[in-house]
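Dropping model33.cif in here (mmCIF, C-alpha atoms):
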```
data_upload
#
loop_
_atom_site.group_PDB
_atom_site.id
_atom_site.type_symbol
_atom_site.label_atom_id
_atom_site.label_comp_id
_atom_site.auth_asym_id
_atom_site.auth_seq_id
_atom_site.Cartn_x
_atom_site.Cartn_y
_atom_site.Cartn_z
ATOM 1 C CA MET T 1 126.658 77.823 199.754
ATOM 2 C CA ALA T 2 130.303 78.289 198.768
ATOM 3 C CA ILE T 3 132.675 75.369 198.427
ATOM 4 C CA SER T 4 135.318 75.214 201.166
ATOM 5 C CA VAL T 5 138.559 73.256 200.928
ATOM 6 C CA ARG T 6 141.000 71.987 203.522
ATOM 7 C CA ALA T 7 143.984 69.643 203.594
ATOM 8 C CA ILE T 8 143.379 65.955 204.221
ATOM 9 C CA GLU T 9 144.153 64.996 207.821
ATOM 10 C CA PRO T 10 144.814 61.511 209.268
ATOM 11 C CA GLU T 11 141.301 61.289 210.717
ATOM 12 C CA ASP T 12 139.889 61.716 207.173
ATOM 13 C CA LEU T 13 141.164 58.301 206.025
ATOM 14 C CA ALA T 14 137.737 56.605 206.152
ATOM 15 C CA ALA T 15 136.041 59.392 204.177
ATOM 16 C CA VAL T 16 138.829 59.524 201.581
ATOM 17 C CA THR T 17 138.760 55.736 201.214
ATOM 18 C CA ARG T 18 134.974 55.808 200.779
ATOM 19 C CA VAL T 19 135.196 58.347 197.922
ATOM 20 C CA LEU T 20 138.086 56.538 196.230
ATOM 21 C CA THR T 21 136.306 53.193 196.485
ATOM 22 C CA ALA T 22 133.146 54.625 194.923
ATOM 23 C CA SER T 23 135.082 56.200 192.042
ATOM 24 C CA TRP T 24 138.067 53.919 191.539
ATOM 25 C CA GLY T 25 136.977 50.567 192.967
ATOM 26 C CA GLY T 26 139.296 50.951 195.958
ATOM 27 C CA ALA T 27 141.954 53.218 197.418
ATOM 28 C CA THR T 28 144.660 51.489 195.374
ATOM 29 C CA VAL T 29 144.807 53.130 191.963
ATOM 30 C CA VAL T 30 147.081 52.922 188.972
ATOM 31 C CA ALA T 31 149.038 56.150 188.693
ATOM 32 C CA LEU T 32 148.810 56.148 184.916
ATOM 33 C CA GLY T 33 151.790 58.369 184.256
ATOM 34 C CA ARG T 34 153.948 56.372 186.649
ATOM 35 C CA GLY T 35 152.831 52.882 185.688
ATOM 36 C CA GLU T 36 152.543 51.785 189.298
ATOM 37 C CA LEU T 37 149.919 50.974 191.896
ATOM 38 C CA ILE T 38 149.562 53.608 194.596
ATOM 39 C CA ASP T 39 147.528 53.744 197.795
ATOM 40 C CA ALA T 40 145.919 57.089 197.021
ATOM 41 C CA ALA T 41 144.316 57.310 200.473
ATOM 42 C CA GLY T 42 147.804 57.705 201.936
ATOM 43 C CA LEU T 43 148.768 60.622 199.701
ATOM 44 C CA PRO T 44 148.546 64.317 200.519
ATOM 45 C CA GLY T 45 145.509 66.082 199.176
ATOM 46 C CA TYR T 46 142.457 68.179 199.877
ATOM 47 C CA LEU T 47 138.811 67.680 200.770
ATOM 48 C CA ALA T 48 136.086 69.961 199.449
ATOM 49 C CA PHE T 49 132.876 70.609 201.358
ATOM 50 C CA ASP T 50 129.540 72.069 200.367
ATOM 51 C CA GLY T 51 128.347 73.237 203.761
ATOM 52 C CA GLY T 52 129.023 70.253 205.990
ATOM 53 C CA GLU T 53 128.723 67.712 203.159
ATOM 54 C CA LEU T 54 131.833 66.132 201.633
ATOM 55 C CA ALA T 55 131.839 67.318 198.029
ATOM 56 C CA GLY T 56 135.154 66.071 196.643
ATOM 57 C CA VAL T 57 138.677 64.753 197.114
ATOM 58 C CA VAL T 58 141.961 65.315 195.303
ATOM 59 C CA THR T 59 145.195 63.430 195.968
ATOM 60 C CA TYR T 60 148.619 64.183 194.565
ATOM 61 C CA ALA T 61 152.282 63.228 194.646
ATOM 62 C CA ARG T 62 155.337 65.420 194.236
ATOM 63 C CA GLU T 63 158.408 64.407 192.317
ATOM 64 C CA ASP T 64 161.203 66.947 191.875
ATOM 65 C CA ASP T 65 159.664 70.079 190.309
ATOM 66 C CA THR T 66 156.331 68.451 189.419
ATOM 67 C CA VAL T 67 153.138 67.792 191.324
ATOM 68 C CA GLU T 68 151.097 65.005 189.760
ATOM 69 C CA ILE T 69 147.373 64.847 190.398
ATOM 70 C CA ILE T 70 146.760 61.160 191.154
ATOM 71 C CA THR T 71 142.990 61.266 191.776
ATOM 72 C CA ILE T 72 140.348 63.961 191.646
ATOM 73 C CA ASP T 73 136.709 63.294 192.393
ATOM 74 C CA ALA T 74 133.825 65.734 192.581
ATOM 75 C CA VAL T 75 131.184 63.908 194.602
ATOM 76 C CA ILE T 76 128.791 66.797 193.974
ATOM 77 C CA PRO T 77 129.185 67.707 190.284
ATOM 78 C CA GLY T 78 128.498 71.065 188.688
ATOM 79 C CA ARG T 79 129.176 73.194 191.778
ATOM 80 C CA GLY T 80 132.825 74.176 191.199
ATOM 81 C CA VAL T 81 134.222 71.386 193.370
ATOM 82 C CA GLY T 82 136.854 70.280 190.846
ATOM 83 C CA LYS T 83 138.055 73.843 190.313
ATOM 84 C CA ALA T 84 138.258 74.469 194.070
ATOM 85 C CA LEU T 85 140.308 71.294 194.538
ATOM 86 C CA LEU T 86 142.682 72.130 191.673
ATOM 87 C CA ASP T 87 143.024 75.699 192.978
ATOM 88 C CA ALA T 88 144.144 74.317 196.352
ATOM 89 C CA VAL T 89 146.742 71.991 194.818
ATOM 90 C CA ARG T 90 147.940 74.731 192.479
ATOM 91 C CA ALA T 91 148.374 77.209 195.344
ATOM 92 C CA ALA T 92 150.283 74.689 197.478
ATOM 93 C CA ALA T 93 152.503 73.711 194.539
ATOM 94 C CA ALA T 94 153.276 77.336 193.687
ATOM 95 C CA GLU T 95 154.072 78.071 197.338
ATOM 96 C CA ASP T 96 156.536 75.148 197.322
ATOM 97 C CA GLY T 97 158.218 76.431 194.147
ATOM 98 C CA VAL T 98 156.942 73.621 191.925
ATOM 99 C CA ALA T 99 157.249 74.325 188.186
ATOM 100 C CA ARG T 100 154.249 72.381 186.903
ATOM 101 C CA LEU T 101 151.147 70.374 187.649
ATOM 102 C CA ARG T 102 150.707 67.157 185.706
ATOM 103 C CA LEU T 103 147.932 64.637 185.326
ATOM 104 C CA VAL T 104 147.059 61.700 183.143
ATOM 105 C CA THR T 105 143.557 60.687 182.105
ATOM 106 C CA THR T 106 142.140 58.203 179.632
ATOM 107 C CA ASN T 107 140.724 58.774 176.171
ATOM 108 C CA ASP T 108 137.129 58.102 177.253
ATOM 109 C CA ASN T 109 137.154 60.807 179.917
ATOM 110 C CA THR T 110 135.896 63.554 177.605
ATOM 111 C CA HIS T 111 134.087 65.560 180.291
ATOM 112 C CA ALA T 112 137.253 65.760 182.412
ATOM 113 C CA LEU T 113 139.425 66.499 179.378
ATOM 114 C CA ARG T 114 137.262 69.541 178.595
ATOM 115 C CA PHE T 115 137.387 70.634 182.251
ATOM 116 C CA TYR T 116 141.195 70.327 182.464
ATOM 117 C CA GLN T 117 141.758 72.282 179.256
ATOM 118 C CA ARG T 118 139.360 75.033 180.331
ATOM 119 C CA TYR T 119 141.268 75.223 183.615
ATOM 120 C CA GLY T 120 144.493 75.824 181.666
ATOM 121 C CA PHE T 121 146.081 72.397 181.320
ATOM 122 C CA ASP T 122 147.742 71.691 177.987
ATOM 123 C CA LEU T 123 147.670 68.288 176.290
ATOM 124 C CA VAL T 124 151.337 67.308 175.982
ATOM 125 C CA ALA T 125 151.331 63.587 175.138
ATOM 126 C CA LEU T 126 149.247 60.692 173.912
ATOM 127 C CA HIS T 127 150.337 57.253 175.064
ATOM 128 C CA ARG T 128 148.692 54.862 172.616
ATOM 129 C CA HIS T 129 147.417 51.699 174.289
ATOM 130 C CA GLY T 130 148.832 52.933 177.598
ATOM 131 C CA VAL T 131 145.866 51.527 179.493
ATOM 132 C CA ASP T 132 146.974 47.973 178.582
ATOM 133 C CA ALA T 133 149.880 48.266 181.036
ATOM 134 C CA ALA T 134 147.566 49.714 183.680
ATOM 135 C CA ARG T 135 145.207 46.745 183.291
ATOM 136 C CA ARG T 136 148.077 44.350 183.948
ATOM 137 C CA LEU T 137 148.471 46.052 187.331
ATOM 138 C CA LYS T 138 144.744 46.444 188.012
ATOM 139 C CA PRO T 139 142.677 44.052 185.858
ATOM 140 C CA GLY T 140 139.400 45.583 187.047
ATOM 141 C CA ILE T 141 139.834 48.688 184.875
ATOM 142 C CA PRO T 142 136.787 48.650 182.568
ATOM 143 C CA LEU T 143 137.192 48.002 178.846
ATOM 144 C CA GLU T 144 134.818 50.812 177.906
ATOM 145 C CA SER T 145 132.908 53.741 179.325
ATOM 146 C CA ASP T 146 129.812 55.290 177.788
ATOM 147 C CA GLY T 147 130.410 53.209 174.657
ATOM 148 C CA ILE T 148 134.002 54.432 174.212
ATOM 149 C CA PRO T 149 136.785 51.829 174.417
ATOM 150 C CA ILE T 150 139.290 52.792 177.135
ATOM 151 C CA LYS T 151 142.674 52.374 175.443
ATOM 152 C CA HIS T 152 144.905 55.419 175.614
ATOM 153 C CA GLU T 153 146.434 57.732 178.209
ATOM 154 C CA LEU T 154 146.380 61.483 177.694
ATOM 155 C CA GLU T 155 149.010 63.471 179.579
ATOM 156 C CA LEU T 156 148.316 67.084 180.477
ATOM 157 C CA GLU T 157 150.371 69.721 182.246
ATOM 158 C CA LEU T 158 149.955 73.189 183.637
ATOM 159 C CA LEU T 159 153.072 75.335 183.950
ATOM 160 C CA LEU T 160 153.134 77.426 187.110
#
```
As structure tokens:
Amino acid sequence: MAISVRAIEPEDLAAVTRVLTASWGGATVVALGRGELIDAAGLPGYLAFDGGELAGVVTYAREDDTVEIITIDAVIPGRGVGKALLDAVRAAAAEDGVARLRLVTTNDNTHALRFYQRYGFDLVALHRHGVDAARRLKPGIPLESDGIPIKHELELELLL
């Protein structure tokens, strides 16, 4: 079955919070590029569905001519959920006249880094030891993932 996407609505708060909690340890996340804590469940975004099953969530924030992806989670991996979610954000941003999409990930997130670059994002900055500041805001951020120390922030952008 094809992946369908729709905008997050107020009645989706429980489902969005459930996905964010499973992936991020709660709805409050560190917006890496901003260096601040954000309640991602309160942000605009999109839900993806595989049939009637929730397959993914993306949240974002707009600042001037940039839309920053704050969270993206494919609950059902390998089905095109991430691409469908990014397509929805990209279309909305382009319709609003936004110049670029931006996101920040960490050095350990190699699977996502490959996905973002294949989608068309360009790596534009490395913030050495950037995760140290994030841990001061949210101490529960793990020290490593899959044997890779989580230390650095990687900033990517997609010009529209």
| message | Here's a test: counting all atoms listed in the file, identify every protein, DNA and RNA residue with an atom at most 10 Å from (126.1, 72.3, 201.4) in the file's coordinate frame, and state them as a PyMOL selection string. | response | chain T and resi 1-4+49-55+76
| task | Pick out the residues sitting within 8 Å of Leu137 of chain T, and hand them over as a ChimeraX atom specification; count all atoms listed in the file, and ignore anything fewer than 4 positions along from it in its own chain. | result | /T:30,36-37,133
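Using only C-alpha atoms, the residues found no farther than 10 Å from Ser23 of chain T, other than those of its own chain fewer than 2 positions away, are Thr17, Arg18, Val19, Leu20, Thr21, Gly25, Gly26, Ala27, Thr71, Ile72, Asp73, Ala74 and Val75 of chain T.
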| field | Given all atoms listed in the file as the counted atoms, nearest of T:Leu160, T:Arg114, T:Thr59, T:Leu43 to Glu95 of chain T | value |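 Between T:Leu160, T:Arg114, T:Thr59, T:Leu43, the residue approaching Glu95 of chain T most closely is T:Leu160.
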| request: List the neighbours of Ala61 of chain T out to 8 Å using only C-alpha atoms; skip same-chain residues closer than 3 positions along the sequence, and give me the result as a ChimeraX atom specification. | output: /T:43-44,67-70
| message | One number please: atom CA of His152 of chain T to atom CA of His127 of chain T, in Å, one decimal. | response |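 Answer for the atom CA of His152 of chain T to atom CA of His127 of chain T separation: 5.8 Å.
Relative to atom CA of Glu11 of chain T, atom CA of Arg102 of chain T is found at 27.4 Å.
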| query | How would you write, as a ChimeraX atom specification, the residues chosen by the PyMOL selection byres ((chain T and resi 9) around 10) on this structure? | reply | /T:6-8,10-13,16,44-47
| field | Who sits within 9 Å of Leu126 of chain T, all atoms listed in the file, same chain under 4 positions skipped, as JSON, numbers by chain | value | {"T": [130, 152, 153, 154, 155]}
| field | Point-to-point distance in Å for atom CA of Trp24 of chain T and atom CA of Pro142 of chain T | value | 10.5 Å
| field | Selected residue of minimal separation from Arg136 of chain T among T:Gly42, T:Ala22, T:Thr105, T:Gly35, counting all atoms listed in the file | value |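 So, comparing all the options, the nearest one is T:Gly35.
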| field | Proximity to Asp146 of chain T - best of T:Gly120, T:Leu159, T:Asp96, T:Asp108, all atoms listed in the file | value | T:Asp108
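Among the candidates T:Ile150, T:Leu158, T:Glu144, T:Arg135, the one nearest to Leu123 of chain T when counting only C-alpha atoms is T:Leu158.
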| said: Under the rule that all atoms listed in the file are counted, which of T:Pro149, T:Val89, T:Pro139, T:Ala15 is the nearest residue to Gly56 of chain T? | reply: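 Nearest candidate to Gly56 of chain T out of T:Pro149, T:Val89, T:Pro139, T:Ala15: T:Ala15.
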| remark: If you count all atoms listed in the file, the residue of T:Tyr119, T:Ala40, T:Arg128, T:Thr106 closest to Leu143 of chain T turns out to be T:Thr106
Hey, can I get the axis-aligned box for segment 99-117 of chain T? All listed atoms, 3 Å padding on each side, centre and edge lengths in Å to one decimal, as JSON.
```
{"center_x": 145.7, "center_y": 66.2, "center_z": 182.2, "size_x": 29.2, "size_y": 22.2, "size_z": 18.0}
```
Completion of segment 27-45 of chain T up to N, CA and C atoms, as a tab-separated table (two decimals), in the coordinates of the input:
```tsv
chain	number	residue	atom	x	y	z
T	27	ALA	N	140.99	52.14	197.19
T	27	ALA	CA	141.95	53.22	197.42
T	27	ALA	C	143.24	53.00	196.62
T	28	THR	N	143.48	51.77	196.19
T	28	THR	CA	144.66	51.49	195.37
T	28	THR	C	144.33	51.78	193.92
T	29	VAL	N	145.06	52.71	193.34
T	29	VAL	CA	144.81	53.13	191.96
T	29	VAL	C	146.09	52.99	191.16
T	30	VAL	N	145.92	52.91	189.86
T	30	VAL	CA	147.08	52.92	188.97
T	30	VAL	C	147.40	54.38	188.68
T	31	ALA	N	148.58	54.82	189.07
T	31	ALA	CA	149.04	56.15	188.69
T	31	ALA	C	149.49	56.03	187.24
T	32	LEU	N	148.60	56.42	186.33
T	32	LEU	CA	148.81	56.15	184.92
T	32	LEU	C	150.16	56.63	184.42
T	33	GLY	N	150.53	57.84	184.74
T	33	GLY	CA	151.79	58.37	184.26
T	33	GLY	C	153.01	57.70	184.85
T	34	ARG	N	152.83	57.03	185.97
T	34	ARG	CA	153.95	56.37	186.65
T	34	ARG	C	154.00	54.88	186.38
T	35	GLY	N	152.87	54.32	185.94
T	35	GLY	CA	152.83	52.88	185.69
T	35	GLY	C	152.99	52.05	186.94
T	36	GLU	N	152.43	52.53	188.05
T	36	GLU	CA	152.54	51.78	189.30
T	36	GLU	C	151.25	51.90	190.09
T	37	LEU	N	151.05	50.93	190.98
T	37	LEU	CA	149.92	50.97	191.90
T	37	LEU	C	150.28	51.85	193.08
T	38	ILE	N	149.34	52.69	193.49
T	38	ILE	CA	149.56	53.61	194.60
T	38	ILE	C	148.35	53.57	195.52
T	39	ASP	N	148.61	53.59	196.82
T	39	ASP	CA	147.53	53.74	197.80
T	39	ASP	C	147.22	55.23	197.87
T	40	ALA	N	146.23	55.67	197.11
T	40	ALA	CA	145.92	57.09	197.02
T	40	ALA	C	145.42	57.66	198.34
T	41	ALA	N	144.82	56.82	199.18
T	41	ALA	CA	144.32	57.31	200.47
T	41	ALA	C	145.45	57.76	201.38
T	42	GLY	N	146.66	57.32	201.12
T	42	GLY	CA	147.80	57.70	201.94
T	42	GLY	C	148.56	58.91	201.41
T	43	LEU	N	148.09	59.48	200.31
T	43	LEU	CA	148.77	60.62	199.70
T	43	LEU	C	148.27	61.94	200.29
T	44	PRO	N	149.06	63.00	200.14
T	44	PRO	CA	148.55	64.32	200.52
T	44	PRO	C	147.43	64.72	199.57
T	45	GLY	N	146.60	65.63	200.02
T	45	GLY	CA	145.51	66.08	199.18
T	45	GLY	C	144.60	67.03	199.92
```
